[in-house]
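Asker: I am sharing upload.cif, which consists of mmCIF, C-alpha atoms and all ligand atoms:
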data_run
loop_
_atom_site.label_atom_id
_atom_site.label_comp_id
_atom_site.auth_asym_id
_atom_site.auth_seq_id
_atom_site.Cartn_x
_atom_site.Cartn_y
_atom_site.Cartn_z
CA MET A 20 89.38 77.10 85.28
CA PRO A 21 86.09 77.01 83.38
CA PHE A 22 84.28 80.17 84.46
CA PRO A 23 81.29 81.37 82.46
CA VAL A 24 83.09 84.06 80.50
CA ASP A 25 79.92 85.64 79.09
CA GLN A 26 78.54 86.06 82.59
CA ILE A 27 81.75 87.50 83.95
CA ASP A 28 82.11 89.94 81.05
CA LYS A 29 78.55 91.03 81.66
CA LEU A 30 79.12 91.40 85.40
CA MET A 31 82.06 93.74 84.84
CA ARG A 32 80.42 95.75 82.09
CA THR A 33 77.12 96.28 83.87
CA ARG A 34 78.49 97.22 87.30
CA ARG A 35 77.37 100.77 88.13
CA SER A 36 77.56 103.28 90.92
CA ILE A 37 74.15 103.04 92.54
CA PHE A 38 73.37 105.78 95.01
CA PRO A 39 71.42 105.70 98.31
CA GLY A 40 68.38 107.39 96.74
CA PHE A 41 67.73 104.12 94.90
CA TYR A 42 68.08 101.76 97.87
CA ASN A 43 65.09 100.05 99.40
CA ASP A 44 65.03 99.19 103.11
CA ARG A 45 65.81 95.49 102.76
CA GLU A 46 68.68 94.61 105.11
CA ILE A 47 71.75 92.89 103.72
CA PRO A 48 72.22 89.64 105.68
CA GLU A 49 75.45 89.43 107.64
CA LYS A 50 76.48 86.25 105.81
CA ILE A 51 76.30 88.12 102.49
CA ILE A 52 78.35 91.02 103.85
CA LEU A 53 80.94 88.52 105.07
CA ASP A 54 81.07 86.77 101.66
CA ILE A 55 81.56 90.11 99.92
CA LEU A 56 84.35 91.08 102.31
CA GLU A 57 85.93 87.65 101.85
CA ASN A 58 86.11 88.34 98.11
CA ALA A 59 87.67 91.74 98.80
CA ASN A 60 90.27 89.98 100.92
CA TRP A 61 91.49 88.03 97.87
CA ALA A 62 92.64 91.15 96.02
CA PRO A 63 96.15 91.15 94.63
CA ASN A 64 98.79 92.96 96.69
CA HIS A 65 102.54 93.35 96.57
CA LYS A 66 104.74 91.62 99.20
CA LYS A 67 101.64 90.22 100.87
CA THR A 68 100.98 93.42 102.80
CA GLU A 69 97.18 92.95 102.48
CA PRO A 70 96.69 96.67 103.25
CA TRP A 71 92.88 96.81 103.07
CA ARG A 72 90.93 97.33 106.28
CA PHE A 73 87.15 97.58 106.49
CA ILE A 74 84.76 99.01 109.05
CA VAL A 75 81.17 97.82 108.66
CA ILE A 76 78.58 100.34 109.80
CA ARG A 77 74.91 99.50 110.03
CA GLY A 78 71.95 99.68 112.39
CA GLU A 79 72.64 101.87 115.40
CA GLY A 80 76.13 102.54 114.08
CA LYS A 81 74.74 104.83 111.39
CA GLU A 82 73.55 107.66 113.67
CA PRO A 83 77.02 108.60 114.96
CA LEU A 84 78.38 108.44 111.39
CA ALA A 85 75.62 110.74 110.12
CA ASP A 86 76.25 113.12 113.05
CA TYR A 87 79.97 113.16 112.36
CA MET A 88 79.59 113.77 108.62
CA GLN A 89 77.10 116.58 109.17
CA GLN A 90 79.25 118.22 111.83
CA TYR A 91 82.30 117.98 109.59
CA TYR A 92 80.44 119.58 106.71
CA ARG A 93 79.21 122.42 108.92
CA ALA A 94 82.63 123.00 110.47
CA HIS A 95 84.49 123.01 107.13
CA THR A 96 82.10 124.95 104.93
CA PRO A 97 82.25 128.74 104.89
CA PRO A 98 78.84 130.12 105.97
CA GLU A 99 78.19 131.67 102.55
CA LYS A 100 78.67 128.28 100.88
CA PHE A 101 76.76 126.27 103.47
CA ASN A 102 73.86 124.47 101.81
CA GLU A 103 71.11 123.32 104.16
CA LYS A 104 69.78 120.83 101.59
CA LYS A 105 73.20 119.21 101.28
CA TYR A 106 73.56 119.15 105.06
CA LEU A 107 70.26 117.28 105.43
CA LYS A 108 71.02 114.97 102.52
CA ILE A 109 74.26 113.81 104.15
CA ARG A 110 72.24 112.46 107.09
CA LYS A 111 69.43 111.08 104.95
CA ASN A 112 71.83 109.18 102.69
CA VAL A 113 73.61 107.51 105.61
CA LEU A 114 70.41 106.57 107.44
CA LYS A 115 68.76 105.31 104.25
CA THR A 116 71.67 102.98 103.45
CA PRO A 117 71.37 99.48 104.91
CA CYS A 118 75.12 98.92 105.13
CA LEU A 119 78.17 101.15 104.82
CA VAL A 120 81.74 99.91 104.67
CA ALA A 121 84.55 102.32 105.38
CA ILE A 122 87.54 101.62 103.16
CA CYS A 123 90.85 101.96 104.96
CA MET A 124 94.46 101.41 104.08
CA TYR A 125 96.95 100.05 106.58
CA ARG A 126 100.40 101.25 105.60
CA ASP A 127 103.01 98.55 106.01
CA PRO A 128 105.13 99.75 108.98
CA ASP A 129 108.31 98.55 107.23
CA GLU A 130 107.30 100.39 104.05
CA ARG A 131 108.30 97.38 101.98
CA VAL A 132 106.36 98.74 99.02
CA PRO A 133 105.71 102.33 97.94
CA GLU A 134 102.49 103.83 99.23
CA TRP A 135 100.91 103.97 95.78
CA GLU A 136 101.11 100.19 95.59
CA GLU A 137 99.18 99.92 98.84
CA LEU A 138 96.56 102.31 97.45
CA ALA A 139 96.40 100.25 94.27
CA ALA A 140 95.91 97.05 96.29
CA VAL A 141 93.11 98.63 98.33
CA SER A 142 91.49 99.78 95.09
CA CYS A 143 91.65 96.21 93.76
CA ALA A 144 89.91 95.08 96.96
CA VAL A 145 87.24 97.72 96.44
CA GLN A 146 86.64 96.49 92.91
CA ASN A 147 86.24 92.92 94.20
CA LEU A 148 83.77 94.24 96.74
CA TRP A 149 81.89 96.32 94.16
CA LEU A 150 81.59 93.43 91.67
CA SER A 151 80.58 91.06 94.48
CA CYS A 152 77.77 93.44 95.40
CA HIS A 153 76.69 93.69 91.78
CA ALA A 154 76.65 89.88 91.40
CA ARG A 155 74.22 89.77 94.33
CA ASP A 156 72.00 92.60 93.04
CA ILE A 157 73.25 94.94 95.73
CA GLY A 158 73.78 98.50 94.60
CA SER A 159 76.93 100.18 95.83
CA TYR A 160 79.26 103.07 95.26
CA TRP A 161 82.54 104.40 96.58
CA SER A 162 82.17 107.82 98.11
CA THR A 163 85.16 109.93 99.05
CA PRO A 164 83.98 113.09 100.81
CA SER A 165 86.52 115.11 102.74
CA SER A 166 84.81 114.18 106.03
CA LEU A 167 85.74 110.55 105.50
CA LEU A 168 89.23 111.21 104.25
CA HIS A 169 89.76 112.93 107.62
CA ALA A 170 87.85 110.42 109.72
CA ASP A 171 90.84 108.83 111.47
CA GLU A 172 89.81 110.22 114.86
CA PHE A 173 86.12 109.41 114.35
CA PHE A 174 86.94 105.79 113.51
CA GLY A 175 89.76 105.60 116.08
CA LEU A 176 92.34 104.61 113.47
CA ASP A 177 95.97 104.13 114.42
CA ASP A 178 98.76 106.21 112.84
CA GLN A 179 99.38 103.60 110.15
CA THR A 180 95.78 103.53 108.95
CA GLN A 181 94.02 105.97 106.69
CA CYS A 182 90.39 106.14 105.59
CA LEU A 183 89.88 106.29 101.81
CA GLY A 184 86.14 106.77 101.80
CA ILE A 185 83.14 104.56 102.21
CA MET A 186 81.06 102.08 100.20
CA TYR A 187 77.33 102.68 100.38
CA MET A 188 75.51 99.37 99.89
CA GLY A 189 71.84 98.53 99.50
CA TYR A 190 69.36 96.47 97.54
CA TYR A 191 67.42 98.48 94.96
CA ASP A 192 64.37 98.12 92.74
CA HIS A 193 65.13 100.47 89.85
CA ASP A 194 66.89 98.85 86.92
CA ASP A 195 68.04 101.26 84.27
CA PHE A 196 71.30 102.94 85.16
CA PRO A 197 72.78 104.77 82.20
CA ALA A 198 76.40 104.16 81.49
CA ALA A 199 78.96 105.32 79.02
CA ARG A 200 82.59 104.67 78.31
CA ARG A 201 84.71 106.00 75.51
CA PRO A 202 86.00 103.12 73.35
CA VAL A 203 88.86 101.22 74.90
CA ALA A 204 90.71 101.46 71.57
CA GLU A 205 91.31 105.16 72.36
CA LYS A 206 93.21 104.15 75.46
CA VAL A 207 95.33 101.33 74.12
CA ARG A 208 98.53 101.39 72.16
CA TRP A 209 99.82 98.15 70.69
CA ILE A 210 103.49 97.47 70.17
CA ASP A 211 103.59 94.36 68.02
CA HIS A 212 105.45 95.09 64.89
C1 LIG B 301 88.36 106.33 93.80
C2 LIG B 301 86.92 106.66 93.51
C3 LIG B 301 86.30 107.65 94.24
C4 LIG B 301 84.95 107.99 94.00
N1 LIG B 301 84.35 108.96 94.75
C5 LIG B 301 83.08 109.31 94.47
C6 LIG B 301 82.43 110.33 95.21
O1 LIG B 301 82.98 110.89 96.17
N2 LIG B 301 81.17 110.68 94.87
C7 LIG B 301 80.51 110.07 93.82
O2 LIG B 301 79.36 110.44 93.54
N3 LIG B 301 81.09 109.06 93.13
C8 LIG B 301 82.35 108.68 93.43
N4 LIG B 301 82.93 107.65 92.74
C9 LIG B 301 82.14 106.89 91.76
C10 LIG B 301 82.30 107.48 90.38
O3 LIG B 301 81.60 108.69 90.30
C11 LIG B 301 81.77 106.46 89.36
O4 LIG B 301 82.49 105.28 89.46
C12 LIG B 301 81.87 107.01 87.94
O5 LIG B 301 80.95 108.05 87.75
C13 LIG B 301 81.60 105.96 86.88
O6 LIG B 301 80.30 105.42 87.05
P1 LIG B 301 80.07 103.86 87.28
O7 LIG B 301 80.71 103.48 88.61
O8 LIG B 301 78.57 103.71 87.33
O9 LIG B 301 80.68 103.12 86.15
C14 LIG B 301 84.24 107.31 92.97
C15 LIG B 301 84.89 106.30 92.23
C16 LIG B 301 86.21 105.98 92.50
C17 LIG B 301 86.88 104.89 91.70
#
Represent the structure of the file as structure tokens.

Answerer:
Amino acid sequence: MPFPVDQIDKLMRTRRSIFPGFYNDREIPEKIILDILENANWAPNHKKTEPWRFIVIRGEGKEPLADYMQQYYRAHTPPEKFNEKKYLKIRKNVLKTPCLVAICMYRDPDERVPEWEELAAVSCAVQNLWLSCHARDIGSYWSTPSSLLHADEFFGLDDQTQCLGIMYMGYYDHDDFPAARRPVAEKVRWIDH
């Protein structure tokens, strides 16, 4: 299929983690969120388990999430390590973000594939989501704080479902996000002779 290879290479190589501090307050239209999630839904997965589950949080839904994350931080941080700035930033980051998408994994009840394959499939879905955001000039990043890895009760997840963090998503104005990768040649071994 004739896709514009230059554009797609560029899309993948320029995707960055873009944090809430950079987001402006422009809302992400629901249709765009749905298109992005649709792309995530086309991720590869073994035995058609389609293990990704998403919870979209925006508008009024953000207050309870901010409350929960702050309470979790307070309850799980020894008083001598408690950092008031961090505590306040947790709330600020959630409220400043136009749209958050919790990333969850639904474990196939018949365990037809090993769990790591389900995790891998969810990660592929996250990459689809991340690149789809980037293609639309939406900044995003996958955040995995302990509060969210233990958010099953907060989100009302069933026993088969586990939260693997959250995508922060927002439009942004800034445009110079430094990036670095060590050369791919260091990570590749060829067996061809
Ligand atoms: C599974 C996973 C979990 C991540 N969790 C966090 C996180 O909790 N906090 C954070 O600041 N970044 C997190 N990131 C984003 C990475 O920090 C980021 O991808 C990395 O620094 C490379 O930068 P880039 O995304 O701009 O290429 C996570 C990324 C992945 C793939």

Asker: Rounded to one decimal, what separation in Å do you get between atom CA of A:Phe174 and atom CA of A:Glu69?

Answerer: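 Distance between the two atoms: 19.8 Å.
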
Asker: With all atoms listed in the file as the counted atoms, please give the residues lying no more than 9 Å from stretch 45-62 of chain A, apart from itself and same-chain residues fewer than 3 positions off, as a list in words.

Answerer: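 These residues fall inside the cut-off: Tyr42, Glu69, Trp71, Phe73, Val75, Pro117, Cys118, Ala140, Val141, Ser142, Cys143, Ala144, Val145, Gln146, Asn147, Leu148, Trp149, Leu150, Ser151, Cys152, Arg155, Ile157, Met188, Gly189, Tyr190 and Tyr191 of chain A.
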
Asker: Just the number, please: distance in Å from atom CA of A:Thr163 to atom CA of A:Pro63, one decimal.

Answerer: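 About the pair atom CA of A:Thr163 and atom CA of A:Pro63: they are 22.2 Å apart.
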
Asker: Could you give me the axis-aligned bounding box of stretch 144-159 of chain A, with 3 Å of padding per side, as centre plus edge lengths in Å to one decimal, as AutoDock Vina command-line options?

Answerer:
--center_x 81.0 --center_y 95.0 --center_z 94.2 --size_x 23.9 --size_y 16.4 --size_z 11.6

Asker: Hey, can you check how far atom CA of A:Asp25 sits from atom CA of A:Val203?

Answerer: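 Between atom CA of A:Asp25 and atom CA of A:Val203 the gap is 18.4 Å.
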
Asker: Using all atoms listed in the file for the distances, tell me which of A:Ile76, A:Val113, A:Val132, A:Met31 is nearest to ligand LIG 301 (chain B).

Answerer: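 Among the listed residues, the smallest separation from ligand LIG 301 (chain B) belongs to A:Met31.
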
Asker: Could you give me, as number ranges by chain, every polymer residue with an atom at most 6 Å away from an atom of ligand LIG 301 (chain B), counting only C-alpha atoms and all ligand atoms?

Answerer: A: 35-36, 160-164

Asker: What are the closest atom pairs, with distances in Å to one decimal, for all residues of stretch 81-143 of chain A lying within 6 Å of stretch 179-183 of chain A? Consider only C-alpha atoms, order rows by chain and residue number, and present the result as CSV.

Answerer:
residue,atom,partner,partner_atom,distance
A:Ile122,CA,A:Leu183,CA,5.4
A:Cys123,CA,A:Cys182,CA,4.3
A:Met124,CA,A:Gln181,CA,5.3
A:Tyr125,CA,A:Thr180,CA,4.4
A:Arg126,CA,A:Gln179,CA,5.2

Asker: Would you export the selected residues with C-alpha atoms as a short mmCIF file (atom, residue, chain, number, x, y, z; two decimals), in the coordinates of the input, please?

Answerer:
data_model
loop_
_atom_site.label_atom_id
_atom_site.label_comp_id
_atom_site.auth_asym_id
_atom_site.auth_seq_id
_atom_site.Cartn_x
_atom_site.Cartn_y
_atom_site.Cartn_z
CA ILE A 122 87.54 101.62 103.16
CA CYS A 123 90.85 101.96 104.96
CA MET A 124 94.46 101.41 104.08
CA TYR A 125 96.95 100.05 106.58
CA ARG A 126 100.40 101.25 105.60
#

Asker: Given the choices A:Glu172, A:Met88, A:His212, A:His193, which gets closest to A:Leu114 if the distance is worked out from only C-alpha atoms?

Answerer: A:Met88
